[in-house]
Amino acid sequence: MLKRRFFGGIALIAAVTTGCGMATASPERDLRVPAEPTMIGFVHPADVPGLTTRTLTRGDAGDRDVHIVYPQLKDAPALNHRLNSLAESQLRRFMRNTSPAAAQPRPELNVDWQLTAATRDIVGVRLRTGEFAGANWANSLQTIWYDKVFGKVVDSSGLVTALDPLAAIVRAELRKRGTEVDYDAVKADPELFDSMAFNGKGDLVVEFDDFQVGPGALGRVAVAVPGKQVKPLLSAAGWRARAAAKDALPSPAVRGKLSESPPAVSSGAGSVNCDEAMCVALTFDDGPGAYTGRLLDELEKAGARATFFTVGTNVPANRGLVQRMREQGHLVANHTWSHLDLTKLSNTRIADAFARGECAVKAAIGQRPALARAPYGAVSKEVRAVARKMGISLVNWDVDTLDWRDRDAQAVARRAISGAHPGAIILMHDVQETAAEAVPEIVRQLTKKGYTFVTVPELYGSAGMKPGLVYSSGKQPLT
């Protein structure tokens, strides 16, 4: 049985959901706020023109849970290539080093990102990786820099001209931290110094992975090297990264309580009576992404409405697509902040994942999603209890198109069409090109059969949907 670390549990859910600040705690641990001066500022993705995201996933019916999200910039081809290669190599390594598991908890790989800088001269991308192999999470960080002046990718170790003097400074600082920290483990190794950025004062912050310099229970271990000590060591790229730090401020919080925002609803809600019409709900997970715009085009042509379960880390970089979902009459719902399997987390971390996902949607459309889909459809009694306290109804599915697995749009369309029935909830993913290719045929064939496409809440009419219950079709929810 997986051990969970509780920090107040349900009692602290109210505290988690009272505001919309974007915390950055590790996935398996409760909220830890690193003390200054190791706090790094981040650029808000919505402030970076031409920024989009890409997603690699194993979907919702695999034997391992995988969700990798990373940014793409239109004017940084070398950076995009490096990030693509890193994501694909992480996936291959994870699949090679883990064994399939049919039952929970399955092995899990989760990668999300932040921008440590984004100026006309340099961009910094901080990748945060969590891996679960059956007992505990292991977390790692890697910060990749893109020097726009020369059009080349620079690893974190390339911010300095020599690692030996930097390693000596870091060892001296770690000696002050007590016996749990293994300062002798710090060597002049680029792999050890693979996540570095600057704080607002110009100090170089060196971050370590779990178990690199001590036990995982230590949480985040980082050292801030004062600017006066690091300046003589900086490379040209390092100077540009340091200058960019003043523009990398903490992402703006969405002020106010979630409860003060109106619940998200489709502009077409109430126009169809599903007690009389044959209704079906198309649902799309994991976006917005590269194929969401194309999918929205197809749905608009067909006059069909759907429910989009958005991942919070994708929303700020694709705010226009989320706003378009609302404008076209679709329902924007919550797929948590970073797509972690909630059943592996403490109650406080479950609440944080829901709340941060809600905050991202609220910042984009001014409405609070009252529906959520748990990543991988994994729901426990703890997840349901948290959802009930937070006023969230949970949505699963009863028709899986397997669009993440098969690259055959016709096969995906056949599954949706053959599985459809009045009240069906059909699972697709708007980060998969196969979904965008299959939707026109799905809508055409089901329309011929007399179906009407509605958002999930419309399936339940005046009965509505209750917080904490799991809805898999237009039938009675799982109680």
# chains A, B, ... in the order shown; residues from 1 in each chain; ligands from 1
>>> closest_atom_pairs(of="stretch 358-440 of chain A", to="stretch 284-304 of chain A", cutoff="8 Å", atoms="only C-alpha atoms", output="CSV")
residue,atom,partner,partner_atom,distance
A:Leu427,CA,A:Phe284,CA,6.2
A:Met428,CA,A:Phe284,CA,4.8
A:His429,CA,A:Asp285,CA,4.6
A:Asp430,CA,A:Thr292,CA,5.2
A:Val431,CA,A:Gly289,CA,5.0
A:Gln432,CA,A:Tyr291,CA,6.6
A:Glu433,CA,A:Tyr291,CA,5.9
A:Ala435,CA,A:Leu295,CA,7.7
A:Ala436,CA,A:Leu295,CA,4.9
A:Val439,CA,A:Glu298,CA,7.2
A:Pro440,CA,A:Glu298,CA,6.3
>>> select_by_dssp(residues="stretch 376-406 of chain A", states="helix (DSSP H, G or I)", output="VMD selection string")
chain A and resid 376 to 377 381 to 390
>>> write_last_selection(atoms="N, CA, C and O atoms", output="PDB file, in the first residue's frame")
ATOM      1  N   TYR A 376      -5.622  10.088 -16.064  1.00  0.00           N
ATOM      2  CA  TYR A 376      -5.698   8.636 -16.265  1.00  0.00           C
ATOM      3  C   TYR A 376      -7.021   8.052 -15.761  1.00  0.00           C
ATOM      4  O   TYR A 376      -7.180   6.842 -15.695  1.00  0.00           O
ATOM      5  N   GLY A 377      -7.974   8.924 -15.400  1.00  0.00           N
ATOM      6  CA  GLY A 377      -9.240   8.445 -14.858  1.00  0.00           C
ATOM      7  C   GLY A 377      -9.102   7.788 -13.509  1.00  0.00           C
ATOM      8  O   GLY A 377     -10.014   7.100 -13.046  1.00  0.00           O
ATOM      9  N   LYS A 381     -11.073   7.105  -2.987  1.00  0.00           N
ATOM     10  CA  LYS A 381     -11.993   7.739  -2.060  1.00  0.00           C
ATOM     11  C   LYS A 381     -11.440   9.076  -1.574  1.00  0.00           C
ATOM     12  O   LYS A 381     -12.195  10.007  -1.288  1.00  0.00           O
ATOM     13  N   GLU A 382     -10.101   9.172  -1.497  1.00  0.00           N
ATOM     14  CA  GLU A 382      -9.493  10.450  -1.091  1.00  0.00           C
ATOM     15  C   GLU A 382      -9.713  11.516  -2.157  1.00  0.00           C
ATOM     16  O   GLU A 382     -10.019  12.672  -1.841  1.00  0.00           O
ATOM     17  N   VAL A 383      -9.556  11.153  -3.420  1.00  0.00           N
ATOM     18  CA  VAL A 383      -9.782  12.110  -4.514  1.00  0.00           C
ATOM     19  C   VAL A 383     -11.225  12.589  -4.503  1.00  0.00           C
ATOM     20  O   VAL A 383     -11.506  13.781  -4.650  1.00  0.00           O
ATOM     21  N   ARG A 384     -12.146  11.657  -4.297  1.00  0.00           N
ATOM     22  CA  ARG A 384     -13.563  12.036  -4.275  1.00  0.00           C
ATOM     23  C   ARG A 384     -13.872  12.927  -3.085  1.00  0.00           C
ATOM     24  O   ARG A 384     -14.665  13.878  -3.195  1.00  0.00           O
ATOM     25  N   ALA A 385     -13.250  12.646  -1.950  1.00  0.00           N
ATOM     26  CA  ALA A 385     -13.502  13.463  -0.767  1.00  0.00           C
ATOM     27  C   ALA A 385     -13.010  14.892  -0.974  1.00  0.00           C
ATOM     28  O   ALA A 385     -13.677  15.863  -0.606  1.00  0.00           O
ATOM     29  N   VAL A 386     -11.835  15.031  -1.568  1.00  0.00           N
ATOM     30  CA  VAL A 386     -11.305  16.364  -1.855  1.00  0.00           C
ATOM     31  C   VAL A 386     -12.197  17.084  -2.854  1.00  0.00           C
ATOM     32  O   VAL A 386     -12.530  18.265  -2.687  1.00  0.00           O
ATOM     33  N   ALA A 387     -12.602  16.379  -3.911  1.00  0.00           N
ATOM     34  CA  ALA A 387     -13.471  16.994  -4.918  1.00  0.00           C
ATOM     35  C   ALA A 387     -14.781  17.470  -4.302  1.00  0.00           C
ATOM     36  O   ALA A 387     -15.283  18.552  -4.622  1.00  0.00           O
ATOM     37  N   ARG A 388     -15.334  16.670  -3.407  1.00  0.00           N
ATOM     38  CA  ARG A 388     -16.590  17.070  -2.757  1.00  0.00           C
ATOM     39  C   ARG A 388     -16.403  18.344  -1.950  1.00  0.00           C
ATOM     40  O   ARG A 388     -17.222  19.265  -2.013  1.00  0.00           O
ATOM     41  N   LYS A 389     -15.317  18.419  -1.196  1.00  0.00           N
ATOM     42  CA  LYS A 389     -15.050  19.609  -0.393  1.00  0.00           C
ATOM     43  C   LYS A 389     -14.858  20.842  -1.263  1.00  0.00           C
ATOM     44  O   LYS A 389     -15.181  21.963  -0.866  1.00  0.00           O
ATOM     45  N   MET A 390     -14.313  20.646  -2.477  1.00  0.00           N
ATOM     46  CA  MET A 390     -14.008  21.762  -3.361  1.00  0.00           C
ATOM     47  C   MET A 390     -15.135  22.077  -4.330  1.00  0.00           C
ATOM     48  O   MET A 390     -15.015  22.988  -5.155  1.00  0.00           O
TER      49      MET A 390
END
>>> atom_distance(atom1="atom CA of A:Ala102", atom2="atom CA of A:Asp209")
29.2 Å
>>> select_by_dssp(residues="stretch 181-309 of chain A", states="strand (DSSP E or B)", output="NGL selection string")
:A and (196-198 or 204-208 or 221-225 or 234 or 254 or 263 or 278-285 or 306-309)
>>> atom_distance(atom1="atom CA of A:Leu174", atom2="atom CA of A:Asp203")
16.1 Å
>>> residues_around(residues="A:Pro165", least_positions_apart="5", cutoff="12 Å", atoms="only C-alpha atoms", output="list in words")
Val160, Val170, Arg171, Ala172, Val186, Lys187, Ala188, Asp189, Val225, Gln229, Val230, Lys231, Pro232, Leu233 and Leu234 of chain A
>>> closest_residue(among="A:Ala360, A:Met278, A:Ala411, A:Ala463", to="A:Lys448", atoms="only C-alpha atoms")
A:Met278
